[in-house]
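Q: Have a peek at my_file-v8.txt (compact mmCIF, C-alpha atoms).
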```
# COMPACT_ATOMS: atom_id res chain seq x y z
CA MET B 42 -3.24 92.05 93.45
CA ASN B 43 -1.35 88.75 92.97
CA GLU B 44 1.17 90.50 90.74
CA THR B 45 1.79 93.15 93.43
CA ILE B 46 2.26 90.47 96.10
CA ASN B 47 4.69 88.61 93.85
CA LEU B 48 6.77 91.74 93.33
CA PHE B 49 6.65 92.47 97.07
CA ILE B 50 7.92 89.00 97.98
CA LYS B 51 10.39 88.45 95.14
CA ASN B 52 12.10 91.80 95.74
CA GLY B 53 12.38 91.22 99.47
CA LEU B 54 10.24 94.17 100.46
CA TYR B 55 8.99 92.18 103.44
CA ILE B 56 12.47 91.78 104.92
CA PRO B 57 12.60 95.15 106.80
CA PHE B 58 9.46 94.06 108.67
CA ILE B 59 11.14 90.78 109.71
CA SER B 60 14.22 92.72 110.76
CA SER B 61 12.07 95.08 112.85
CA ILE B 62 10.40 92.15 114.61
CA ILE B 63 13.78 90.55 115.39
CA TYR B 64 15.10 93.85 116.71
CA TYR B 65 11.98 94.32 118.85
CA THR B 66 12.29 90.84 120.36
CA THR B 67 16.09 90.79 120.82
CA ASN B 68 16.93 94.49 121.19
CA ASN B 69 20.02 93.68 119.14
CA PHE B 70 20.46 95.90 116.07
CA PHE B 71 23.54 94.02 114.89
CA LEU B 72 21.76 90.65 114.89
CA SER B 73 18.57 91.92 113.26
CA THR B 74 20.58 93.61 110.50
CA ILE B 75 22.87 90.70 109.61
CA ILE B 76 19.86 88.36 109.51
CA ALA B 77 18.06 90.76 107.16
CA LEU B 78 21.08 90.94 104.85
CA LYS B 79 21.38 87.15 104.63
CA VAL B 80 17.63 86.68 104.17
CA HIS B 81 17.72 89.10 101.24
CA SER B 82 20.55 87.16 99.61
CA PHE B 83 18.64 83.90 100.04
CA ASN B 84 15.39 85.46 98.82
CA PHE B 85 17.02 87.00 95.73
CA PHE B 86 18.62 83.78 94.53
CA TYR B 87 15.60 81.66 95.48
CA TRP B 88 13.46 83.62 93.03
CA PHE B 89 15.91 84.85 90.40
CA ALA B 90 18.66 82.22 90.22
CA PRO B 91 16.90 80.47 87.29
CA CYS B 92 17.29 83.70 85.28
CA TYR B 93 21.04 83.12 85.12
CA LYS B 94 22.89 80.52 83.10
CA TYR B 95 25.87 78.44 84.22
CA LYS B 96 27.66 75.71 82.33
CA ASN B 97 27.76 72.15 83.68
CA LEU B 98 25.42 72.99 86.56
CA PRO B 99 21.82 71.76 86.91
CA LYS B 100 19.36 74.61 87.14
CA LYS B 101 18.17 73.42 90.54
CA LEU B 102 21.66 74.19 91.88
CA TYR B 103 21.86 77.75 90.58
CA PHE B 104 20.92 79.05 94.05
CA ILE B 105 24.46 78.10 95.15
CA LYS B 106 25.63 81.38 93.61
CA GLN B 107 24.56 83.13 96.84
CA PHE B 108 27.58 81.51 98.54
CA ILE B 109 30.19 82.14 95.83
CA ARG B 110 31.04 85.84 95.88
CA PHE B 111 33.51 87.11 98.46
CA THR B 112 30.80 89.46 99.73
CA ASP B 113 28.75 86.38 100.63
CA THR B 114 31.46 85.22 103.02
CA GLY B 115 30.82 88.42 104.97
CA HIS B 116 27.49 86.99 106.17
CA ILE B 117 29.33 84.01 107.62
CA ALA B 118 31.96 86.24 109.25
CA SER B 119 29.26 88.39 110.87
CA PHE B 120 27.47 85.39 112.38
CA ILE B 121 30.71 83.84 113.64
CA TYR B 122 31.56 87.10 115.41
CA PHE B 123 28.08 87.28 116.94
CA PHE B 124 28.54 83.88 118.56
CA ASN B 125 32.29 84.22 119.17
CA PRO B 126 33.52 87.77 119.99
CA HIS B 127 37.16 86.65 119.65
CA PHE B 128 36.49 86.44 115.91
CA PHE B 129 35.86 90.19 115.69
CA PRO B 130 39.13 91.25 113.97
CA ILE B 131 38.72 88.70 111.19
CA ALA B 132 35.10 89.78 110.64
CA TYR B 133 36.23 93.42 110.61
CA ASN B 134 39.01 92.72 108.09
CA VAL B 135 36.69 90.70 105.85
CA HIS B 136 34.07 93.46 105.73
CA PHE B 137 36.78 96.10 105.27
CA ILE B 138 37.86 94.30 102.08
CA ILE B 139 34.25 93.86 100.99
CA THR B 140 33.43 97.54 101.50
CA PHE B 141 36.54 99.29 100.20
CA GLY B 142 37.24 96.64 97.56
CA TYR B 143 33.73 97.06 96.18
CA TRP B 144 33.62 100.85 96.10
CA ILE B 145 37.16 101.35 94.84
CA GLY B 146 36.57 98.64 92.25
CA LYS B 147 33.22 100.10 91.21
CA ILE B 148 34.22 103.78 91.08
CA TYR B 149 37.86 103.74 90.02
CA LEU B 150 38.56 100.34 88.45
CA LYS B 151 35.12 99.88 86.81
CA ILE B 152 34.96 96.27 88.02
CA LYS B 153 31.57 94.66 87.42
CA GLU B 154 29.94 91.31 88.04
CA LYS B 155 29.96 89.13 84.95
CA GLN B 156 26.19 88.62 84.85
CA GLN B 157 23.59 91.32 85.40
CA LEU B 158 20.02 90.25 86.10
CA ASN B 159 17.50 91.27 83.47
CA ASN B 160 14.03 90.32 84.64
CA ILE B 161 10.86 92.42 84.58
CA GLU B 162 9.93 91.23 88.09
CA ASN B 163 13.21 92.48 89.51
CA ILE B 164 12.96 96.06 90.77
CA LYS B 165 16.44 97.29 89.96
CA ILE B 166 16.47 100.21 92.38
CA ILE B 167 15.60 97.84 95.27
CA GLU B 168 18.33 95.42 94.21
CA ASN B 169 20.85 98.29 94.10
CA ILE B 170 19.81 99.58 97.52
CA TRP B 171 20.38 96.15 99.06
CA MET B 172 23.69 95.86 97.22
CA TYR B 173 24.87 99.20 98.60
CA ILE B 174 23.71 98.28 102.10
CA ASN B 175 25.64 95.00 101.87
CA HIS B 176 28.80 96.92 100.99
CA ILE B 177 28.51 99.67 103.62
CA VAL B 178 26.38 98.76 106.63
CA PRO B 179 28.19 95.63 107.96
CA LEU B 180 31.50 97.50 108.28
CA LEU B 181 29.76 100.45 109.95
CA LEU B 182 28.11 98.04 112.39
CA LEU B 183 31.48 96.53 113.27
CA ILE B 184 33.04 99.98 113.76
CA ARG B 185 30.10 100.74 116.04
CA GLU B 186 30.85 97.52 117.92
CA LEU B 187 34.43 98.70 118.40
CA TYR B 188 33.19 101.86 120.08
CA THR B 189 30.26 100.50 122.05
CA SER B 190 31.24 96.99 123.11
CA SER B 191 33.24 97.14 126.34
CA ASN B 192 33.88 93.39 126.06
CA LEU B 193 36.20 93.93 123.09
CA CYS B 194 38.54 95.93 125.34
CA ASN B 195 39.13 92.72 127.30
CA TYR B 196 40.62 91.07 124.25
CA LYS B 197 43.98 91.57 122.61
CA ILE B 198 42.85 91.85 119.01
CA PHE B 199 44.22 92.92 115.62
CA ILE B 200 47.50 91.21 116.44
CA LEU B 201 49.66 89.40 113.88
CA LYS B 202 47.63 86.21 114.33
CA ASP B 203 44.43 88.02 113.31
CA LEU B 204 46.13 89.37 110.20
CA TYR B 205 47.31 85.86 109.37
CA TYR B 206 43.82 84.36 109.79
CA SER B 207 42.34 87.12 107.62
CA TYR B 208 44.65 86.13 104.79
CA ILE B 209 43.71 82.48 105.37
CA TRP B 210 40.04 83.47 105.05
CA LEU B 211 40.77 85.14 101.70
CA TYR B 212 42.82 82.18 100.40
CA THR B 213 40.19 79.69 101.56
CA TRP B 214 37.51 81.54 99.64
CA PHE B 215 39.65 81.83 96.52
CA PHE B 216 40.97 78.26 96.33
CA CYS B 217 38.09 76.33 97.92
CA ILE B 218 35.07 78.28 96.67
CA TYR B 219 35.91 80.58 93.78
CA ILE B 220 38.30 78.36 91.79
CA PRO B 221 36.04 75.24 91.92
CA TRP B 222 33.02 77.36 90.93
CA TYR B 223 34.91 78.91 88.02
CA ASN B 224 36.25 75.55 86.81
CA ILE B 225 32.81 73.94 86.91
CA THR B 226 30.61 76.75 85.59
CA ASP B 227 33.03 78.92 83.60
CA ASP B 228 31.54 81.86 85.53
CA TYR B 229 34.40 84.18 86.47
CA VAL B 230 31.99 86.25 88.65
CA TYR B 231 34.04 89.50 88.51
CA SER B 232 35.21 91.23 85.34
CA MET B 233 38.75 91.50 86.75
CA PHE B 234 39.03 87.70 86.51
CA SER B 235 37.83 87.60 82.92
CA PRO B 236 40.03 85.55 80.55
CA LYS B 237 40.42 88.78 78.58
CA THR B 238 42.03 90.53 81.55
CA THR B 239 45.83 90.57 81.47
CA ILE B 240 47.84 88.61 84.04
CA LYS B 241 49.60 91.84 85.01
CA TYR B 242 46.30 93.53 85.86
CA LYS B 243 45.13 90.53 87.88
CA ILE B 244 48.37 90.55 89.88
CA TYR B 245 47.89 94.25 90.63
CA ILE B 246 44.36 93.56 91.90
CA ILE B 247 45.52 90.65 94.07
CA LEU B 248 48.34 92.74 95.58
CA PHE B 249 45.90 95.57 96.18
CA ILE B 250 43.53 93.27 98.09
CA HIS B 251 46.42 92.02 100.23
CA PHE B 252 47.34 95.62 100.96
CA LEU B 253 43.73 96.37 101.93
CA ILE B 254 43.83 93.63 104.56
CA LEU B 255 47.00 95.10 106.01
CA ILE B 256 45.41 98.58 106.14
CA SER B 257 42.28 97.10 107.70
CA ASN B 258 44.12 95.31 110.49
CA THR B 259 46.18 98.45 111.19
CA THR B 260 43.19 100.79 111.33
CA GLY B 261 41.24 98.31 113.46
CA LYS B 262 44.09 98.09 115.93
CA LEU B 263 44.35 101.88 116.07
CA ILE B 264 40.62 102.41 116.66
CA HIS B 265 40.56 99.63 119.27
CA SER B 266 43.56 101.08 121.11
CA ILE B 267 42.28 104.68 121.11
CA ASN B 268 38.80 103.67 122.20
CA CYS B 269 39.90 101.33 125.00
CA ASN B 270 42.48 103.80 126.32
CA ALA B 271 39.80 106.51 126.40
CA LYS B 272 37.50 104.19 128.39
CA LEU B 273 40.28 103.51 130.90
CA LEU B 274 40.81 107.25 131.41
CA SER B 275 37.12 108.05 131.74
```
Show how you would write the structure in this file as structure tokens.

A:
Amino acid sequence: MNETINLFIKNGLYIPFISSIIYYTTNNFFLSTIIALKVHSFNFFYWFAPCYKYKNLPKKLYFIKQFIRFTDTGHIASFIYFFNPHFFPIAYNVHFIITFGYWIGKIYLKIKEKQQLNNIENIKIIENIWMYINHIVPLLLLIRELYTSSNLCNYKIFILKDLYYSYIWLYTWFFCIYIPWYNITDDYVYSMFSPKTTIKYKIYIILFIHFLILISNTTGKLIHSINCNAKLLS
């Protein structure tokens, strides 16, 4: 029985119940979902962070890894938007990169995380399901917000300033989070940043990510314009 409970807790199988309670009490699907996604990230690294190994970092600080990947910044972007609707285009652009960057990288570029967890208590299929949800659902939620939130039509969004701030978000993550982490731990996180990867390939990836942000801001502006114009005509 204890072993079953341990597996239930360590693999975050209780999180959908928490999410359901939050949704029931708030009637806000967006909020209940983004809380569930962050709780899973916290839960995963709380239990399994010691299974990894990082140079020059005390084991008690291994849980910090939950804040290092670019995907992890998506949680922050989602919460900022929830409390400040003006932040929507940046949140949308961030999750657009996370979603399309992940799936294009996974399917076509074969990009992988440096370290894969190998622990008998980790149910791999559950981990993968949460990973796929993290790289699909937040963007879908934001697209849903574009269509359902009438408040967003009151804002002039996806303008040049929003594109600029989206790039700033990317650079801030890279220079203030990723680079210090890599220099301290020697953990390059993604295979594309491996020392064995050529400079030319890395430049292509960086240019591709910049292009993704531009596509994101353009598509967001188009969806926002079409939706708001339709509401005005209805």

Q: CA of His81 (chain B) and CA of Ile59 (chain B), how far apart in Å?

A: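 Atom-to-atom, CA of Ile59 (chain B) to CA of His81 (chain B), that is 10.9 Å.
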
Q: What are the closest atom pairs, with distances in Å to one decimal, for all residues of region 99-165 of chain B lying within 8 Å of region 175-196 of chain B? Consider all atoms listed in the file, order rows by chain and residue number, and present the result as CSV.

A:
```
residue,atom,partner,partner_atom,distance
B:Thr112,CA,B:His176,CA,7.8
B:Ser119,CA,B:Pro179,CA,7.9
B:Pro126,CA,B:Leu193,CA,7.4
B:His127,CA,B:Tyr196,CA,7.3
B:Tyr133,CA,B:Leu183,CA,6.3
B:His136,CA,B:Leu180,CA,5.4
B:Phe137,CA,B:Leu180,CA,6.2
B:Ile139,CA,B:His176,CA,6.3
B:Thr140,CA,B:His176,CA,4.7
B:Tyr143,CA,B:His176,CA,6.9
B:Trp144,CA,B:His176,CA,7.9
```

Q: Near Asn160 (chain B), counting only C-alpha atoms, which residues have an atom at most 10 Å away, once you skip same-chain residues fewer than 5 positions from it, shown as a ChimeraX atom specification?

A: /B:89,92,165

Q: Pick the closest to Gln107 (chain B) from B:Ile240, B:Leu211, B:Ile56, B:Ile218: which is it, counting only C-alpha atoms?

A: B:Ile218

Q: Between CA of Thr213 (chain B) and CA of Glu168 (chain B), what is the distance, to one decimal in Å?

A: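 Those two atoms sit 27.9 Å apart.
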